[in-house]
Structure formats: C-alpha cells, structure tokens
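What follows is the content of input_37.pdb, which has PDB, C-alpha atoms:
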```pdb
ATOM      1  CA  MET A  27     -76.270-293.272  91.416
ATOM      2  CA  THR A  28     -79.674-291.962  90.536
ATOM      3  CA  PRO A  29     -80.273-289.079  88.097
ATOM      4  CA  ALA A  30     -81.179-286.885  91.078
ATOM      5  CA  GLN A  31     -77.825-287.648  92.701
ATOM      6  CA  TRP A  32     -76.011-286.729  89.466
ATOM      7  CA  ARG A  33     -77.868-283.384  89.421
ATOM      8  CA  LEU A  34     -76.846-282.914  93.043
ATOM      9  CA  ALA A  35     -73.223-283.676  92.114
ATOM     10  CA  ARG A  36     -73.322-280.944  89.449
ATOM     11  CA  ARG A  37     -74.727-278.440  91.986
ATOM     12  CA  ILE A  38     -72.041-279.415  94.497
ATOM     13  CA  GLN A  39     -69.346-279.004  91.848
ATOM     14  CA  ALA A  40     -70.656-275.505  91.047
ATOM     15  CA  ILE A  41     -70.501-274.562  94.747
ATOM     16  CA  LEU A  42     -66.967-275.922  95.066
ATOM     17  CA  THR A  43     -65.834-274.059  91.958
ATOM     18  CA  ALA A  44     -67.156-270.787  93.348
ATOM     19  CA  GLU A  45     -65.969-271.218  96.937
ATOM     20  CA  SER A  46     -63.273-273.935  96.741
ATOM     21  CA  GLY A  47     -64.594-275.943  99.701
ATOM     22  CA  ALA A  48     -67.463-276.787 102.061
ATOM     23  CA  SER A  49     -68.438-279.365 104.662
ATOM     24  CA  PHE A  50     -70.863-282.175 103.834
ATOM     25  CA  GLU A  51     -73.418-280.697 106.245
ATOM     26  CA  GLU A  52     -73.173-277.263 104.631
ATOM     27  CA  LEU A  53     -73.564-278.775 101.168
ATOM     28  CA  ALA A  54     -76.637-280.718 102.304
ATOM     29  CA  GLU A  55     -78.205-277.512 103.663
ATOM     30  CA  ARG A  56     -77.378-275.427 100.601
ATOM     31  CA  THR A  57     -78.506-277.993  98.026
ATOM     32  CA  GLY A  58     -81.515-279.364  99.882
ATOM     33  CA  GLY A  59     -80.155-282.894  99.546
ATOM     34  CA  THR A  60     -79.930-285.501 102.242
ATOM     35  CA  SER A  61     -76.638-286.244 103.936
ATOM     36  CA  ALA A  62     -76.520-289.689 102.294
ATOM     37  CA  ASP A  63     -77.088-288.212  98.820
ATOM     38  CA  VAL A  64     -74.396-285.570  99.374
ATOM     39  CA  ARG A  65     -71.916-288.241 100.429
ATOM     40  CA  ALA A  66     -72.754-290.400  97.380
ATOM     41  CA  ALA A  67     -72.387-287.422  95.051
ATOM     42  CA  SER A  68     -69.111-286.481  96.751
ATOM     43  CA  ARG A  69     -67.703-289.959  96.187
ATOM     44  CA  ALA A  70     -68.662-289.728  92.506
ATOM     45  CA  LEU A  71     -66.950-286.325  92.204
ATOM     46  CA  TYR A  72     -63.873-287.740  93.926
ATOM     47  CA  ARG A  73     -63.683-290.621  91.448
ATOM     48  CA  MET A  74     -64.037-288.191  88.510
ATOM     49  CA  ARG A  75     -61.255-286.012  90.057
ATOM     50  CA  PRO A  76     -62.875-282.531  90.243
ATOM     51  CA  ALA A  77     -63.089-282.834  94.047
ATOM     52  CA  ASP A  78     -61.122-284.187  96.959
ATOM     53  CA  PHE A  79     -62.190-284.676 100.543
ATOM     54  CA  CYS A  80     -60.771-285.007 103.998
ATOM     55  CA  TRP A  81     -63.018-286.238 106.802
ATOM     56  CA  SER A  82     -66.253-284.296 106.274
ATOM     57  CA  PHE A  83     -64.917-281.458 104.128
ATOM     58  CA  LEU A  84     -65.028-281.396 100.334
ATOM     59  CA  THR A  85     -62.746-279.176  98.280
ATOM     60  CA  ALA A  86     -62.258-278.391  94.602
ATOM     61  CA  VAL A  87     -59.174-279.801  92.893
ATOM     62  CA  PRO A  88     -57.192-277.192  90.936
ATOM     63  CA  PRO A  89     -56.904-277.792  87.195
ATOM     64  CA  ALA A  90     -53.798-279.717  86.116
ATOM     65  CA  ASP A  91     -52.552-276.823  83.994
ATOM     66  CA  GLU A  92     -52.570-274.522  87.021
ATOM     67  CA  GLY A  93     -49.352-276.089  88.268
ATOM     68  CA  ARG A  94     -50.437-276.719  91.868
ATOM     69  CA  ARG A  95     -51.008-280.018  93.570
ATOM     70  CA  ALA A  96     -54.343-280.859  95.163
ATOM     71  CA  ALA A  97     -54.679-280.514  98.932
TER
END
```
Represent the structure of the file as structure tokens.
Amino acid sequence: MTPAQWRLARRIQAILTAESGASFEELAERTGGTSADVRAASRALYRMRPADFCWSFLTAVPPADEGRRAA
C-alpha cells in the first residue's frame, strides 16, 4: 500500500470508530478516495483487526475487553 492509502485507512478507521459502520461507496464519497483505494485500505484494516466487512459494508470491531464478539 502507498502512504496515501495508509492515510486513507486511518481516516476510514476514524469514521468507523465514530459511526461503527459504512458502505465502501459511502466511505469513498466521504474520504475523497477512489473505490479501489478504499477497498485496499479496508483489506489492510481487516488484516490488522480493527475492522470487519461483509459484502460491501465495513464495520468497526469492538475491543476485546468489551466482551462482545465481532459481527
């Protein structure tokens, strides 16, 4: 991933933390990124475990100490 995609991943993570979920299209609109960049950043967030996705929707993963399982 490029440095710009990592910055995009941090912006996406901030949105998910505040709202707990959004579609890829909505994230692309809100961040000004391309759909391909949003998908790449989403995959990176998924691998790092702060996000999970189903089809075209990305959601925040609750902290482990919260006692709930991810969606």
Practice problem: Expand the PyMOL selection byres ((chain A and resi 32) around 12) into the individual residues it matches in the shown file, reporting them as a PyMOL selection string. | Solution: chain A and resi 27-31+33-39+59+63-71
Quiz item: Written as JSON, numbers by chain, which residues does the PyMOL selection byres ((chain A and resi 86) around 7) give for the file shown?
Solution: {"A": [42, 43, 46, 47, 76, 77, 78, 85, 87, 88]}
Exercise. For Glu51 in chain A, please output as JSON, numbers by chain all residues within 7 Å (counting all atoms listed in the file; exclusion window: fewer than 3 positions along the same chain).
Key: {"A": [54, 55, 61]}
